[in-house]
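Shown next: entry24.txt, containing compact mmCIF, C-alpha atoms.
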```txt
# COMPACT_ATOMS: atom_id res chain seq x y z
CA MET A 32 -153.58 46.14 16.73
CA THR A 33 -156.26 48.76 16.82
CA GLU A 34 -159.52 48.60 14.89
CA GLY A 35 -158.44 51.64 12.84
CA ASN A 36 -155.39 49.76 11.54
CA LEU A 37 -157.34 46.71 10.32
CA ILE A 38 -158.00 46.47 6.60
CA ASN A 39 -160.31 44.26 4.56
CA GLY A 40 -161.32 43.70 0.93
CA LYS A 41 -160.69 46.59 -1.44
CA LYS A 42 -158.79 48.40 1.30
CA LEU A 43 -156.42 45.42 1.43
CA GLN A 44 -155.80 45.68 -2.31
CA LYS A 45 -155.34 49.46 -2.08
CA ARG A 46 -152.86 49.17 0.79
CA ALA A 47 -150.87 46.44 -1.00
CA ALA A 48 -150.79 48.51 -4.21
CA GLU A 49 -149.64 51.59 -2.29
CA ARG A 50 -146.78 49.59 -0.79
CA THR A 51 -145.56 48.61 -4.28
CA GLN A 52 -145.13 52.30 -5.13
CA GLU A 53 -142.37 52.45 -2.51
CA LEU A 54 -140.45 49.52 -4.01
CA PRO A 55 -137.72 50.32 -6.57
CA GLY A 56 -138.49 49.05 -10.07
CA ALA A 57 -142.00 47.79 -9.23
CA GLU A 58 -144.58 48.27 -11.96
CA LEU A 59 -148.25 47.50 -12.53
CA THR A 60 -149.04 45.45 -15.64
CA HIS A 61 -152.11 43.69 -17.06
CA PRO A 62 -150.84 40.66 -19.06
CA PHE A 63 -153.96 38.62 -18.14
CA GLY A 64 -156.48 41.36 -18.92
CA VAL A 65 -157.95 44.27 -17.01
CA ASP A 66 -159.40 42.05 -14.26
CA TRP A 67 -155.92 41.12 -13.02
CA ASP A 68 -153.48 43.68 -11.60
CA VAL A 69 -150.04 42.09 -11.90
CA TYR A 70 -147.13 43.73 -10.11
CA GLN A 71 -143.69 42.98 -11.45
CA VAL A 72 -140.09 43.88 -10.79
CA ARG A 73 -137.81 43.66 -13.83
CA GLY A 74 -140.46 41.56 -15.61
CA LYS A 75 -140.89 39.05 -12.75
CA VAL A 76 -144.25 38.79 -10.95
CA PHE A 77 -144.29 39.35 -7.20
CA MET A 78 -147.97 40.21 -6.56
CA LEU A 79 -151.32 39.71 -8.26
CA GLN A 80 -154.71 41.19 -7.40
CA THR A 81 -158.14 40.29 -8.70
CA VAL A 82 -161.73 39.71 -7.60
CA LEU A 83 -162.93 36.08 -7.51
CA ALA A 84 -166.62 35.39 -6.90
CA GLY A 85 -167.02 38.98 -5.70
CA VAL A 86 -164.15 38.68 -3.22
CA PRO A 87 -161.04 40.89 -3.64
CA ILE A 88 -157.85 38.85 -3.15
CA VAL A 89 -154.11 39.50 -3.13
CA ILE A 90 -151.68 36.77 -4.20
CA LEU A 91 -148.06 37.01 -3.00
CA LYS A 92 -144.88 34.98 -3.21
CA ALA A 93 -143.70 33.49 0.08
CA ALA A 94 -140.81 31.32 1.21
CA PRO A 95 -142.24 27.80 1.63
CA ALA A 96 -141.70 27.68 5.41
CA ASP A 97 -143.11 31.19 5.90
CA GLY A 98 -146.08 30.48 3.65
CA LEU A 99 -146.89 27.32 5.58
CA SER A 100 -146.55 29.18 8.87
CA VAL A 101 -148.96 32.00 7.98
CA ARG A 102 -151.44 29.60 6.34
CA THR A 103 -151.44 27.48 9.51
CA ALA A 104 -151.84 30.50 11.79
CA ARG A 105 -154.50 32.36 9.78
CA GLU A 106 -157.67 31.09 8.10
CA ASP A 107 -157.73 34.14 5.81
CA ILE A 108 -154.41 33.17 4.17
CA THR A 109 -154.54 30.16 1.84
CA PRO A 110 -152.27 28.56 -0.77
CA GLY A 111 -151.75 30.75 -3.86
CA CYS A 112 -154.80 30.85 -6.10
CA HIS A 113 -153.82 29.76 -9.65
CA MET A 114 -150.16 29.61 -8.54
CA ASN A 115 -147.66 27.10 -7.14
CA LYS A 116 -149.22 26.27 -3.77
CA ARG A 117 -145.83 25.85 -2.08
CA HIS A 118 -144.40 29.23 -3.09
CA TRP A 119 -147.44 31.53 -3.20
CA ILE A 120 -150.13 32.58 -0.72
CA THR A 121 -153.53 34.19 -1.20
CA ARG A 122 -154.79 36.79 1.24
CA HIS A 123 -158.58 36.85 1.58
CA PRO A 124 -160.47 39.77 3.19
CA ASP A 125 -161.85 37.70 6.08
CA GLY A 126 -160.61 38.65 9.52
CA GLY A 127 -158.66 41.80 8.69
CA LEU A 128 -154.93 42.27 8.71
CA ASP A 129 -152.86 44.94 10.33
CA ALA A 130 -151.62 47.39 7.68
CA ALA A 131 -147.99 46.82 8.74
CA PHE A 132 -148.39 43.06 8.17
CA VAL A 133 -149.74 43.71 4.66
CA ASP A 134 -146.70 45.90 3.97
CA GLU A 135 -144.44 43.13 5.29
CA LEU A 136 -146.04 40.46 3.08
CA VAL A 137 -145.73 42.64 -0.04
CA THR A 138 -142.12 43.59 0.74
CA GLU A 139 -141.12 39.98 1.42
CA SER A 140 -142.67 38.87 -1.87
CA TYR A 141 -140.79 41.61 -3.74
CA LEU A 142 -137.48 40.67 -2.08
CA LEU A 143 -137.93 36.95 -2.78
CA VAL A 144 -138.36 37.69 -6.47
CA SER A 145 -135.55 40.26 -6.57
CA GLU A 146 -132.99 38.07 -4.84
CA ASN A 147 -133.34 35.38 -7.52
CA MET A 148 -132.32 37.81 -10.26
CA PRO A 149 -128.73 38.16 -11.44
CA LYS A 150 -127.04 40.76 -9.20
CA ARG A 151 -126.66 43.28 -12.03
CA GLN A 152 -130.45 43.20 -12.64
CA ARG A 153 -131.56 43.55 -9.03
CA PRO A 154 -133.15 46.91 -8.26
CA VAL A 155 -132.03 46.55 -4.61
CA GLY A 156 -129.86 44.28 -2.52
CA ALA A 157 -132.09 41.99 -0.45
CA ALA A 158 -129.58 41.97 2.42
CA THR A 159 -129.48 45.78 2.71
CA PHE A 160 -133.04 46.68 1.67
CA GLY A 161 -134.58 49.18 4.08
CA GLN A 162 -131.34 49.95 5.91
CA ARG A 163 -130.23 53.54 6.21
CA LEU A 164 -126.76 54.05 4.76
```
This entry written out as structure tokens:
Amino acid sequence: MTEGNLINGKKLQKRAAERTQELPGAELTHPFGVDWDVYQVRGKVFMLQTVLAGVPIVILKAAPADGLSVRTAREDITPGCHMNKRHWITRHPDGGLDAAFVDELVTESYLLVSENMPKRQRPVGAATFGQRL
């Protein structure tokens, strides 16, 4: 991981938001007001962004085992702020994350939400997402 690939704070939020633009059916909404960017797929939330106490954060869905693993390994990832602590994680700007890891966290959150939808509503198949046909 090179210094040029590390991202913090607002750059983290920008990178995460850019990744959502590549995900089929993802849309930005503001159901909680202008201070909260809420990203949804087919009306289901998969990512939230806001600033708490001057600190930009990104909140993402995570499989319970994966969420526990990244929270244990990294001090800058904590249980989901204002969300179910078992199924959501919060990424804080401390420490920096590799851009590819941010993309992976956003994509995984999107897929977790998508795979729980009825098949006819899913914008993509979780098993084949990202594969070249």
Segment 76-84 of chain A: which residues within 6 Å, counting all atoms listed in the file, same-chain residues fewer than 5 positions away excluded, as a count of residues only?
12
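The gap separating atom CA of Cys112 of chain A from atom CA of Gly85 of chain A is 14.7 Å, in Å to one decimal.
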Show which residues sit within 9 Å of segment 98-111 of chain A, as a count of residues only. Count all atoms listed in the file, and ignore same-chain residues fewer than 5 positions away.
16
Quick one: residues within 7 Å of segment 144-155 of chain A, all atoms listed in the file counted, chain neighbours fewer than 5 positions away excluded, as an NGL selection string?
:A and (55-56 or 75 or 77 or 160)
Mind listing as JSON, numbers by chain all residues within 6 Å of (-159.4, 41.9, -2.2), counting all atoms listed in the file?
{"A": [40, 41, 43, 44, 86, 87, 88, 89, 124]}
Same residues, C-alpha atoms, output as a PDB file, keeping the file's coordinate frame:
```
ATOM      1  CA  GLY A  40    -161.320  43.700   0.930  1.00  0.00           C
ATOM      2  CA  LYS A  41    -160.690  46.590  -1.440  1.00  0.00           C
ATOM      3  CA  LEU A  43    -156.420  45.420   1.430  1.00  0.00           C
ATOM      4  CA  GLN A  44    -155.800  45.680  -2.310  1.00  0.00           C
ATOM      5  CA  VAL A  86    -164.150  38.680  -3.220  1.00  0.00           C
ATOM      6  CA  PRO A  87    -161.040  40.890  -3.640  1.00  0.00           C
ATOM      7  CA  ILE A  88    -157.850  38.850  -3.150  1.00  0.00           C
ATOM      8  CA  VAL A  89    -154.110  39.500  -3.130  1.00  0.00           C
ATOM      9  CA  PRO A 124    -160.470  39.770   3.190  1.00  0.00           C
TER      10      PRO A 124
END
```
Could you state the separation of atom CA of Lys45 of chain A and atom CA of Leu142 of chain A in Å, given to one decimal place?
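That distance, rounded to one decimal, is 19.9 Å.
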Could you check which of A:Arg50, A:Asp97, A:Ala131, A:Thr60 is closest to Leu143 of chain A, using only C-alpha atoms?
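Among the listed residues, the smallest separation from Leu143 of chain A belongs to A:Asp97.
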Atomic separation - atom CA of Gln52 of chain A relative to atom CA of Asp129 of chain A, Å:
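These two atoms are separated by 18.8 Å.
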Report the centre and edge lengths, in Å to one decimal, of an axis-aligned box enclosing every atom of segment 49-53 of chain A listed in the file, padded by 8 Å on each side, as lines of an AutoDock Vina configuration file.
```
center_x = -146.0
center_y = 50.5
center_z = -3.0
size_x = 23.3
size_y = 19.8
size_z = 20.3
```
Will you give me segment 92-140 of chain A, written with N, CA and C atoms and laid out as a PDB file, in the first residue's frame?
```
ATOM      1  N   LYS A  92     -23.017  -1.845   5.631  1.00  0.00           N
ATOM      2  CA  LYS A  92     -23.484  -3.151   6.073  1.00  0.00           C
ATOM      3  C   LYS A  92     -22.327  -4.137   5.941  1.00  0.00           C
ATOM      4  N   ALA A  93     -22.278  -5.100   6.862  1.00  0.00           N
ATOM      5  CA  ALA A  93     -21.236  -6.131   6.814  1.00  0.00           C
ATOM      6  C   ALA A  93     -21.808  -7.431   7.366  1.00  0.00           C
ATOM      7  N   ALA A  94     -21.372  -8.546   6.821  1.00  0.00           N
ATOM      8  CA  ALA A  94     -21.738  -9.839   7.392  1.00  0.00           C
ATOM      9  C   ALA A  94     -21.191  -9.858   8.817  1.00  0.00           C
ATOM     10  N   PRO A  95     -21.933 -10.407   9.769  1.00  0.00           N
ATOM     11  CA  PRO A  95     -21.478 -10.357  11.168  1.00  0.00           C
ATOM     12  C   PRO A  95     -20.041 -10.834  11.386  1.00  0.00           C
ATOM     13  N   ALA A  96     -19.651 -11.946  10.790  1.00  0.00           N
ATOM     14  CA  ALA A  96     -18.282 -12.455  10.987  1.00  0.00           C
ATOM     15  C   ALA A  96     -17.253 -11.517  10.365  1.00  0.00           C
ATOM     16  N   ASP A  97     -17.565 -10.980   9.191  1.00  0.00           N
ATOM     17  CA  ASP A  97     -16.641 -10.058   8.525  1.00  0.00           C
ATOM     18  C   ASP A  97     -16.536  -8.752   9.294  1.00  0.00           C
ATOM     19  N   GLY A  98     -17.675  -8.252   9.770  1.00  0.00           N
ATOM     20  CA  GLY A  98     -17.672  -7.020  10.553  1.00  0.00           C
ATOM     21  C   GLY A  98     -16.830  -7.160  11.809  1.00  0.00           C
ATOM     22  N   LEU A  99     -16.998  -8.275  12.506  1.00  0.00           N
ATOM     23  CA  LEU A  99     -16.211  -8.527  13.714  1.00  0.00           C
ATOM     24  C   LEU A  99     -14.731  -8.613  13.376  1.00  0.00           C
ATOM     25  N   SER A 100     -14.410  -9.263  12.276  1.00  0.00           N
ATOM     26  CA  SER A 100     -13.015  -9.421  11.871  1.00  0.00           C
ATOM     27  C   SER A 100     -12.349  -8.074  11.589  1.00  0.00           C
ATOM     28  N   VAL A 101     -12.992  -7.214  10.803  1.00  0.00           N
ATOM     29  CA  VAL A 101     -12.365  -5.923  10.492  1.00  0.00           C
ATOM     30  C   VAL A 101     -12.348  -4.996  11.704  1.00  0.00           C
ATOM     31  N   ARG A 102     -13.357  -5.084  12.562  1.00  0.00           N
ATOM     32  CA  ARG A 102     -13.353  -4.253  13.779  1.00  0.00           C
ATOM     33  C   ARG A 102     -12.231  -4.689  14.712  1.00  0.00           C
ATOM     34  N   THR A 103     -11.961  -5.982  14.773  1.00  0.00           N
ATOM     35  CA  THR A 103     -10.887  -6.502  15.624  1.00  0.00           C
ATOM     36  C   THR A 103      -9.519  -6.112  15.071  1.00  0.00           C
ATOM     37  N   ALA A 104      -9.395  -6.134  13.760  1.00  0.00           N
ATOM     38  CA  ALA A 104      -8.101  -5.874  13.115  1.00  0.00           C
ATOM     39  C   ALA A 104      -7.769  -4.392  12.998  1.00  0.00           C
ATOM     40  N   ARG A 105      -8.786  -3.521  12.989  1.00  0.00           N
ATOM     41  CA  ARG A 105      -8.545  -2.104  12.712  1.00  0.00           C
ATOM     42  C   ARG A 105      -9.250  -1.229  13.739  1.00  0.00           C
ATOM     43  N   GLU A 106      -8.514  -0.322  14.352  1.00  0.00           N
ATOM     44  CA  GLU A 106      -9.098   0.607  15.321  1.00  0.00           C
ATOM     45  C   GLU A 106      -9.999   1.645  14.659  1.00  0.00           C
ATOM     46  N   ASP A 107      -9.788   1.899  13.375  1.00  0.00           N
ATOM     47  CA  ASP A 107     -10.564   2.915  12.670  1.00  0.00           C
ATOM     48  C   ASP A 107     -11.888   2.386  12.104  1.00  0.00           C
ATOM     49  N   ILE A 108     -12.212   1.130  12.374  1.00  0.00           N
ATOM     50  CA  ILE A 108     -13.504   0.562  12.007  1.00  0.00           C
ATOM     51  C   ILE A 108     -14.181   0.108  13.296  1.00  0.00           C
ATOM     52  N   THR A 109     -15.379   0.651  13.534  1.00  0.00           N
ATOM     53  CA  THR A 109     -16.126   0.385  14.768  1.00  0.00           C
ATOM     54  C   THR A 109     -17.517  -0.126  14.418  1.00  0.00           C
ATOM     55  N   PRO A 110     -18.281  -0.581  15.428  1.00  0.00           N
ATOM     56  CA  PRO A 110     -19.663  -0.985  15.154  1.00  0.00           C
ATOM     57  C   PRO A 110     -20.442   0.171  14.531  1.00  0.00           C
ATOM     58  N   GLY A 111     -21.454  -0.153  13.756  1.00  0.00           N
ATOM     59  CA  GLY A 111     -22.234   0.836  13.011  1.00  0.00           C
ATOM     60  C   GLY A 111     -22.875   1.895  13.882  1.00  0.00           C
ATOM     61  N   CYS A 112     -22.529   3.134  13.634  1.00  0.00           N
ATOM     62  CA  CYS A 112     -23.078   4.278  14.349  1.00  0.00           C
ATOM     63  C   CYS A 112     -24.570   4.404  14.027  1.00  0.00           C
ATOM     64  N   HIS A 113     -25.423   4.431  15.049  1.00  0.00           N
ATOM     65  CA  HIS A 113     -26.872   4.550  14.896  1.00  0.00           C
ATOM     66  C   HIS A 113     -27.504   3.368  14.169  1.00  0.00           C
ATOM     67  N   MET A 114     -26.795   2.249  14.062  1.00  0.00           N
ATOM     68  CA  MET A 114     -27.295   1.082  13.326  1.00  0.00           C
ATOM     69  C   MET A 114     -27.123  -0.167  14.188  1.00  0.00           C
ATOM     70  N   ASN A 115     -27.641  -1.291  13.715  1.00  0.00           N
ATOM     71  CA  ASN A 115     -27.462  -2.571  14.380  1.00  0.00           C
ATOM     72  C   ASN A 115     -25.964  -2.867  14.432  1.00  0.00           C
ATOM     73  N   LYS A 116     -25.426  -2.988  15.622  1.00  0.00           N
ATOM     74  CA  LYS A 116     -23.972  -3.119  15.810  1.00  0.00           C
ATOM     75  C   LYS A 116     -23.420  -4.433  15.272  1.00  0.00           C
ATOM     76  N   ARG A 117     -24.272  -5.431  15.093  1.00  0.00           N
ATOM     77  CA  ARG A 117     -23.824  -6.730  14.596  1.00  0.00           C
ATOM     78  C   ARG A 117     -23.707  -6.734  13.070  1.00  0.00           C
ATOM     79  N   HIS A 118     -24.550  -5.956  12.404  1.00  0.00           N
ATOM     80  CA  HIS A 118     -24.643  -6.018  10.951  1.00  0.00           C
ATOM     81  C   HIS A 118     -24.096  -4.793  10.220  1.00  0.00           C
ATOM     82  N   TRP A 119     -23.637  -3.787  10.942  1.00  0.00           N
ATOM     83  CA  TRP A 119     -23.141  -2.562  10.318  1.00  0.00           C
ATOM     84  C   TRP A 119     -21.810  -2.156  10.942  1.00  0.00           C
ATOM     85  N   ILE A 120     -20.959  -1.529  10.130  1.00  0.00           N
ATOM     86  CA  ILE A 120     -19.677  -1.023  10.604  1.00  0.00           C
ATOM     87  C   ILE A 120     -19.570   0.459  10.254  1.00  0.00           C
ATOM     88  N   THR A 121     -18.781   1.180  11.029  1.00  0.00           N
ATOM     89  CA  THR A 121     -18.502   2.580  10.752  1.00  0.00           C
ATOM     90  C   THR A 121     -17.017   2.728  10.474  1.00  0.00           C
ATOM     91  N   ARG A 122     -16.710   3.370   9.368  1.00  0.00           N
ATOM     92  CA  ARG A 122     -15.316   3.642   9.002  1.00  0.00           C
ATOM     93  C   ARG A 122     -15.004   5.077   9.388  1.00  0.00           C
ATOM     94  N   HIS A 123     -14.023   5.241  10.258  1.00  0.00           N
ATOM     95  CA  HIS A 123     -13.549   6.554  10.700  1.00  0.00           C
ATOM     96  C   HIS A 123     -12.297   6.915   9.910  1.00  0.00           C
ATOM     97  N   PRO A 124     -11.964   8.200   9.808  1.00  0.00           N
ATOM     98  CA  PRO A 124     -10.820   8.603   8.971  1.00  0.00           C
ATOM     99  C   PRO A 124      -9.450   8.346   9.585  1.00  0.00           C
ATOM    100  N   ASP A 125      -9.368   7.869  10.796  1.00  0.00           N
ATOM    101  CA  ASP A 125      -8.066   7.603  11.413  1.00  0.00           C
ATOM    102  C   ASP A 125      -7.350   6.475  10.688  1.00  0.00           C
ATOM    103  N   GLY A 126      -6.069   6.643  10.446  1.00  0.00           N
ATOM    104  CA  GLY A 126      -5.256   5.541   9.957  1.00  0.00           C
ATOM    105  C   GLY A 126      -5.187   5.379   8.456  1.00  0.00           C
ATOM    106  N   GLY A 127      -6.161   5.808   7.730  1.00  0.00           N
ATOM    107  CA  GLY A 127      -6.149   5.665   6.283  1.00  0.00           C
ATOM    108  C   GLY A 127      -6.467   4.257   5.831  1.00  0.00           C
ATOM    109  N   LEU A 128      -7.154   4.160   4.746  1.00  0.00           N
ATOM    110  CA  LEU A 128      -7.472   2.875   4.137  1.00  0.00           C
ATOM    111  C   LEU A 128      -7.033   2.906   2.686  1.00  0.00           C
ATOM    112  N   ASP A 129      -6.612   1.787   2.205  1.00  0.00           N
ATOM    113  CA  ASP A 129      -6.299   1.652   0.800  1.00  0.00           C
ATOM    114  C   ASP A 129      -7.595   1.831   0.003  1.00  0.00           C
ATOM    115  N   ALA A 130      -7.525   2.547  -1.105  1.00  0.00           N
ATOM    116  CA  ALA A 130      -8.704   2.816  -1.922  1.00  0.00           C
ATOM    117  C   ALA A 130      -9.405   1.530  -2.356  1.00  0.00           C
ATOM    118  N   ALA A 131      -8.644   0.498  -2.686  1.00  0.00           N
ATOM    119  CA  ALA A 131      -9.242  -0.771  -3.110  1.00  0.00           C
ATOM    120  C   ALA A 131     -10.041  -1.406  -1.973  1.00  0.00           C
ATOM    121  N   PHE A 132      -9.586  -1.244  -0.731  1.00  0.00           N
ATOM    122  CA  PHE A 132     -10.315  -1.794   0.415  1.00  0.00           C
ATOM    123  C   PHE A 132     -11.625  -1.042   0.620  1.00  0.00           C
ATOM    124  N   VAL A 133     -11.615   0.269   0.421  1.00  0.00           N
ATOM    125  CA  VAL A 133     -12.851   1.056   0.505  1.00  0.00           C
ATOM    126  C   VAL A 133     -13.838   0.547  -0.542  1.00  0.00           C
ATOM    127  N   ASP A 134     -13.368   0.364  -1.774  1.00  0.00           N
ATOM    128  CA  ASP A 134     -14.226  -0.158  -2.835  1.00  0.00           C
ATOM    129  C   ASP A 134     -14.806  -1.514  -2.449  1.00  0.00           C
ATOM    130  N   GLU A 135     -13.980  -2.359  -1.858  1.00  0.00           N
ATOM    131  CA  GLU A 135     -14.417  -3.699  -1.446  1.00  0.00           C
ATOM    132  C   GLU A 135     -15.497  -3.620  -0.362  1.00  0.00           C
ATOM    133  N   LEU A 136     -15.315  -2.746   0.623  1.00  0.00           N
ATOM    134  CA  LEU A 136     -16.310  -2.602   1.688  1.00  0.00           C
ATOM    135  C   LEU A 136     -17.647  -2.105   1.137  1.00  0.00           C
ATOM    136  N   VAL A 137     -17.610  -1.137   0.235  1.00  0.00           N
ATOM    137  CA  VAL A 137     -18.838  -0.599  -0.363  1.00  0.00           C
ATOM    138  C   VAL A 137     -19.532  -1.670  -1.197  1.00  0.00           C
ATOM    139  N   THR A 138     -18.769  -2.367  -2.021  1.00  0.00           N
ATOM    140  CA  THR A 138     -19.336  -3.414  -2.872  1.00  0.00           C
ATOM    141  C   THR A 138     -19.947  -4.526  -2.041  1.00  0.00           C
ATOM    142  N   GLU A 139     -19.265  -4.952  -1.005  1.00  0.00           N
ATOM    143  CA  GLU A 139     -19.788  -6.024  -0.146  1.00  0.00           C
ATOM    144  C   GLU A 139     -21.084  -5.595   0.519  1.00  0.00           C
ATOM    145  N   SER A 140     -21.164  -4.363   0.984  1.00  0.00           N
ATOM    146  CA  SER A 140     -22.381  -3.849   1.595  1.00  0.00           C
ATOM    147  C   SER A 140     -23.533  -3.883   0.586  1.00  0.00           C
TER     148      SER A 140
END
```
